[in-house]
Amino acid sequence: MSKPLTGIHILVTRPSHQAGGLAGKIRAAGGEPCLFPVLEIQDISDPRPLLELIERLDEFYLAIFVSPNAVNKAMSVICAKRALPSDLKIATVGQGTARTLRRFGVSGVIVPAVRFDSEALLDMAELDRINVAGKRIIIFRGDNGRELLGETLRKRGASVEYAECYRRIRPEAEIGPLLAAWTRGEMNGVTVTSSEGLRNLWEMVGDSGRTWLKNTPLFVSHERIAGVARKLGFNRVIVTAAGDDGLVAGLQDYFSGHMG
């Protein structure tokens, strides 16, 4: 029996160190992943502010980790310097980040059960005004991340500090092989998992690749990314469930109905 993605070529744009899982699931479904990272995760240039905040962790009521990258970068430093305070509550926006925390031995994480974004976390009772007013909260994130969490928690009466623990940059990449794949008809779908990544991809393919890109089905894991795609002029935007499994399920569902 043919696998559901047999003969389907999919562009995978996750950072290199995070692309293996999605690529493997695409291959397992018969597809051909093409790895083209549109974000590169690097250490922060000056670690002193992060180290200072880690030394003061006992002052905080709640720590929020916004992504697996935030967990990996911050917890590696924390574990080298100290133990997490036993009474520090830990929260995150998604199940993937919660799983990464568990690999560092952190359990009892506050995490949304259905939607996986800042809005869903803010809807949880643990972060309502009654529970956070007058409390100190630290948010571990990359440089220049979204402000929604911090702004909303401050409006609810919390004192918020950001701990920037990694940088996101747009990689330098050779787009010739990608354009050649499109020309040969060997690029059937594109997966993107962040708005920043989508904007980077748009810039990276340049004028010569944007017509191809806009006319290739785009699979995204959040409606916010879909909104950016529509503003850029993408013709087919498919919003899937979150995570690698959600993306692959969306790919399988789409191509089972659109490919002979």
# chains A, B, ... in the order shown; residues from 1 in each chain; ligands from 1

call {"tool": "select_by_dssp", "arguments": {"residues": "region 6-111 of chain A", "states": "strand (DSSP E or B)", "output": "list in words"}}
result
His9, Ile10, Leu11, Val12, Glu32, Pro33, Cys34, Leu35, Glu40, Ile41, Gln42, Leu62, Ala63, Ile64, Phe65, Lys89, Ile90, Ala91, Thr92 and Ile110 of chain A

call {"tool": "select_by_dssp", "arguments": {"residues": "region 42-236 of chain A", "states": "alpha helix (DSSP H)", "output": "MDAnalysis selection string"}}
result
chainID A and resid 48:55 68:81 95:103 118:122 129:132 148:155 176:183 195:214 223:232

call {"tool": "residues_around", "arguments": {"residues": "region 106-115 of chain A", "least_positions_apart": "4", "cutoff": "7 Å", "atoms": "only C-alpha atoms", "output": "list in words"}}
result
Ile90, Ala91, Thr92, Val93, Gly94, Gln95, Ala98, Leu101, Arg102, Ala120 and Leu121 of chain A

call {"tool": "residues_around", "arguments": {"residues": "Asn144 (chain A)", "least_positions_apart": "4", "cutoff": "9 Å", "atoms": "only C-alpha atoms", "output": "PDB file with C-alpha atoms, in the first residue's frame"}}
result
ATOM      1  CA  GLU A 164      16.802  36.846  26.825  1.00  0.00           C
ATOM      2  CA  ARG A 167      19.321  35.134  19.393  1.00  0.00           C
ATOM      3  CA  ARG A 168      17.430  34.370  16.197  1.00  0.00           C
TER       4      ARG A 168
END

call {"tool": "closest_residue", "arguments": {"among": "A:Leu232, A:Leu247, A:Leu5, A:Ala74", "to": "Leu50 (chain A)", "atoms": "only C-alpha atoms"}}
result
A:Ala74

call {"tool": "closest_residue", "arguments": {"among": "A:Glu52, A:Asp117, A:Asp123, A:Glu223", "to": "Ala163 (chain A)", "atoms": "only C-alpha atoms"}}
result
A:Glu52

call {"tool": "atom_distance", "arguments": {"atom1": "CA of Val220 (chain A)", "atom2": "CA of Gly150 (chain A)"}}
result
25.0 Å

call {"tool": "residues_around", "arguments": {"residues": "region 198-204 of chain A", "least_positions_apart": "6", "cutoff": "7 Å", "atoms": "only C-alpha atoms", "output": "list of chain:residue names"}}
result
A:Val38, A:Arg170, A:Val192, A:Arg210

call {"tool": "write_last_selection", "arguments": {"atoms": "N, CA and C atoms", "output": "PDB file, in the first residue's frame"}}
result
ATOM      1  N   VAL A  38      15.284  28.556   7.921  1.00  0.00           N
ATOM      2  CA  VAL A  38      15.081  29.993   7.754  1.00  0.00           C
ATOM      3  C   VAL A  38      15.346  30.762   9.045  1.00  0.00           C
ATOM      4  N   ARG A 170      18.640  35.376  10.582  1.00  0.00           N
ATOM      5  CA  ARG A 170      18.308  34.812   9.272  1.00  0.00           C
ATOM      6  C   ARG A 170      19.581  34.238   8.660  1.00  0.00           C
ATOM      7  N   VAL A 192       6.028  26.002   7.587  1.00  0.00           N
ATOM      8  CA  VAL A 192       6.608  27.117   8.331  1.00  0.00           C
ATOM      9  C   VAL A 192       5.979  27.135   9.720  1.00  0.00           C
ATOM     10  N   ARG A 210       9.771  34.215  -5.368  1.00  0.00           N
ATOM     11  CA  ARG A 210       8.516  34.539  -4.677  1.00  0.00           C
ATOM     12  C   ARG A 210       7.279  34.078  -5.430  1.00  0.00           C
TER      13      ARG A 210
END

call {"tool": "residues_around", "arguments": {"residues": "Gly157 (chain A)", "least_positions_apart": "2", "cutoff": "12 Å", "atoms": "only C-alpha atoms", "output": "PyMOL selection string"}}
result
chain A and resi 127-137+150-155+159-160

call {"tool": "residues_around", "arguments": {"residues": "Phe104 (chain A)", "least_positions_apart": "2", "cutoff": "12 Å", "atoms": "only C-alpha atoms", "output": "list in words"}}
result
Pro68, Val71, Asn72, Lys73, Ala74, Met75, Ser76, Val77, Ile78, Cys79, Ala80, Ala83, Leu84, Thr97, Ala98, Arg99, Thr100, Leu101, Arg102, Val106 and Ser107 of chain A

call {"tool": "closest_atom_pairs", "arguments": {"of": "region 15-56 of chain A", "to": "region 181-186 of chain A", "cutoff": "12 Å", "atoms": "only C-alpha atoms", "output": "JSON lines"}}
result
{"residue": "A:Gly31", "atom": "CA", "partner": "A:Glu186", "partner_atom": "CA", "distance": 11.2}
{"residue": "A:Glu32", "atom": "CA", "partner": "A:Glu186", "partner_atom": "CA", "distance": 9.2}
{"residue": "A:Pro33", "atom": "CA", "partner": "A:Glu186", "partner_atom": "CA", "distance": 10.4}
{"residue": "A:Cys34", "atom": "CA", "partner": "A:Ala181", "partner_atom": "CA", "distance": 9.5}

call {"tool": "decode", "arguments": {"residues": "region 166-190 of chain A", "atoms": "N, CA and C atoms", "output": "PDB file, in the first residue's frame"}}
result
ATOM      1  N   TYR A 166      18.726  33.612  23.966  1.00  0.00           N
ATOM      2  CA  TYR A 166      19.245  33.228  22.654  1.00  0.00           C
ATOM      3  C   TYR A 166      18.891  34.296  21.631  1.00  0.00           C
ATOM      4  N   ARG A 167      19.578  34.218  20.500  1.00  0.00           N
ATOM      5  CA  ARG A 167      19.321  35.134  19.393  1.00  0.00           C
ATOM      6  C   ARG A 167      18.814  34.350  18.199  1.00  0.00           C
ATOM      7  N   ARG A 168      17.903  34.956  17.447  1.00  0.00           N
ATOM      8  CA  ARG A 168      17.430  34.370  16.197  1.00  0.00           C
ATOM      9  C   ARG A 168      17.978  35.210  15.052  1.00  0.00           C
ATOM     10  N   ILE A 169      18.619  34.573  14.097  1.00  0.00           N
ATOM     11  CA  ILE A 169      19.118  35.309  12.941  1.00  0.00           C
ATOM     12  C   ILE A 169      18.653  34.620  11.658  1.00  0.00           C
ATOM     13  N   ARG A 170      18.640  35.376  10.582  1.00  0.00           N
ATOM     14  CA  ARG A 170      18.308  34.812   9.272  1.00  0.00           C
ATOM     15  C   ARG A 170      19.581  34.238   8.660  1.00  0.00           C
ATOM     16  N   PRO A 171      19.589  32.955   8.323  1.00  0.00           N
ATOM     17  CA  PRO A 171      20.812  32.340   7.794  1.00  0.00           C
ATOM     18  C   PRO A 171      21.142  32.849   6.387  1.00  0.00           C
ATOM     19  N   GLU A 172      22.394  32.709   6.029  1.00  0.00           N
ATOM     20  CA  GLU A 172      22.803  32.886   4.648  1.00  0.00           C
ATOM     21  C   GLU A 172      22.591  31.548   3.946  1.00  0.00           C
ATOM     22  N   ALA A 173      21.947  31.561   2.808  1.00  0.00           N
ATOM     23  CA  ALA A 173      21.638  30.290   2.149  1.00  0.00           C
ATOM     24  C   ALA A 173      21.726  30.447   0.640  1.00  0.00           C
ATOM     25  N   GLU A 174      22.094  29.362  -0.035  1.00  0.00           N
ATOM     26  CA  GLU A 174      22.139  29.298  -1.486  1.00  0.00           C
ATOM     27  C   GLU A 174      20.765  28.836  -1.966  1.00  0.00           C
ATOM     28  N   ILE A 175      20.058  29.697  -2.705  1.00  0.00           N
ATOM     29  CA  ILE A 175      18.697  29.336  -3.106  1.00  0.00           C
ATOM     30  C   ILE A 175      18.641  28.639  -4.465  1.00  0.00           C
ATOM     31  N   GLY A 176      19.784  28.528  -5.150  1.00  0.00           N
ATOM     32  CA  GLY A 176      19.793  27.888  -6.470  1.00  0.00           C
ATOM     33  C   GLY A 176      19.159  26.510  -6.480  1.00  0.00           C
ATOM     34  N   PRO A 177      19.575  25.592  -5.574  1.00  0.00           N
ATOM     35  CA  PRO A 177      18.968  24.258  -5.569  1.00  0.00           C
ATOM     36  C   PRO A 177      17.462  24.291  -5.309  1.00  0.00           C
ATOM     37  N   LEU A 178      17.005  25.227  -4.478  1.00  0.00           N
ATOM     38  CA  LEU A 178      15.577  25.335  -4.203  1.00  0.00           C
ATOM     39  C   LEU A 178      14.820  25.789  -5.448  1.00  0.00           C
ATOM     40  N   LEU A 179      15.335  26.791  -6.132  1.00  0.00           N
ATOM     41  CA  LEU A 179      14.696  27.254  -7.362  1.00  0.00           C
ATOM     42  C   LEU A 179      14.692  26.157  -8.417  1.00  0.00           C
ATOM     43  N   ALA A 180      15.767  25.396  -8.483  1.00  0.00           N
ATOM     44  CA  ALA A 180      15.833  24.294  -9.451  1.00  0.00           C
ATOM     45  C   ALA A 180      14.788  23.225  -9.142  1.00  0.00           C
ATOM     46  N   ALA A 181      14.580  22.946  -7.844  1.00  0.00           N
ATOM     47  CA  ALA A 181      13.564  21.967  -7.460  1.00  0.00           C
ATOM     48  C   ALA A 181      12.178  22.434  -7.878  1.00  0.00           C
ATOM     49  N   TRP A 182      11.898  23.716  -7.676  1.00  0.00           N
ATOM     50  CA  TRP A 182      10.604  24.249  -8.116  1.00  0.00           C
ATOM     51  C   TRP A 182      10.457  24.113  -9.632  1.00  0.00           C
ATOM     52  N   THR A 183      11.523  24.428 -10.359  1.00  0.00           N
ATOM     53  CA  THR A 183      11.477  24.353 -11.818  1.00  0.00           C
ATOM     54  C   THR A 183      11.186  22.933 -12.291  1.00  0.00           C
ATOM     55  N   ARG A 184      11.722  21.945 -11.578  1.00  0.00           N
ATOM     56  CA  ARG A 184      11.508  20.535 -11.943  1.00  0.00           C
ATOM     57  C   ARG A 184      10.164  20.014 -11.435  1.00  0.00           C
ATOM     58  N   GLY A 185       9.409  20.832 -10.727  1.00  0.00           N
ATOM     59  CA  GLY A 185       8.150  20.362 -10.163  1.00  0.00           C
ATOM     60  C   GLY A 185       8.336  19.510  -8.935  1.00  0.00           C
ATOM     61  N   GLU A 186       9.465  19.688  -8.241  1.00  0.00           N
ATOM     62  CA  GLU A 186       9.778  18.855  -7.075  1.00  0.00           C
ATOM     63  C   GLU A 186       9.681  19.647  -5.779  1.00  0.00           C
ATOM     64  N   MET A 187       8.700  20.530  -5.680  1.00  0.00           N
ATOM     65  CA  MET A 187       8.421  21.232  -4.437  1.00  0.00           C
ATOM     66  C   MET A 187       6.912  21.386  -4.335  1.00  0.00           C
ATOM     67  N   ASN A 188       6.298  20.470  -3.606  1.00  0.00           N
ATOM     68  CA  ASN A 188       4.834  20.402  -3.578  1.00  0.00           C
ATOM     69  C   ASN A 188       4.211  21.121  -2.392  1.00  0.00           C
ATOM     70  N   GLY A 189       5.001  21.357  -1.352  1.00  0.00           N
ATOM     71  CA  GLY A 189       4.461  22.013  -0.171  1.00  0.00           C
ATOM     72  C   GLY A 189       5.571  22.635   0.652  1.00  0.00           C
ATOM     73  N   VAL A 190       5.196  23.624   1.450  1.00  0.00           N
ATOM     74  CA  VAL A 190       6.149  24.339   2.314  1.00  0.00           C
ATOM     75  C   VAL A 190       5.589  24.331   3.732  1.00  0.00           C
TER      76      VAL A 190
END
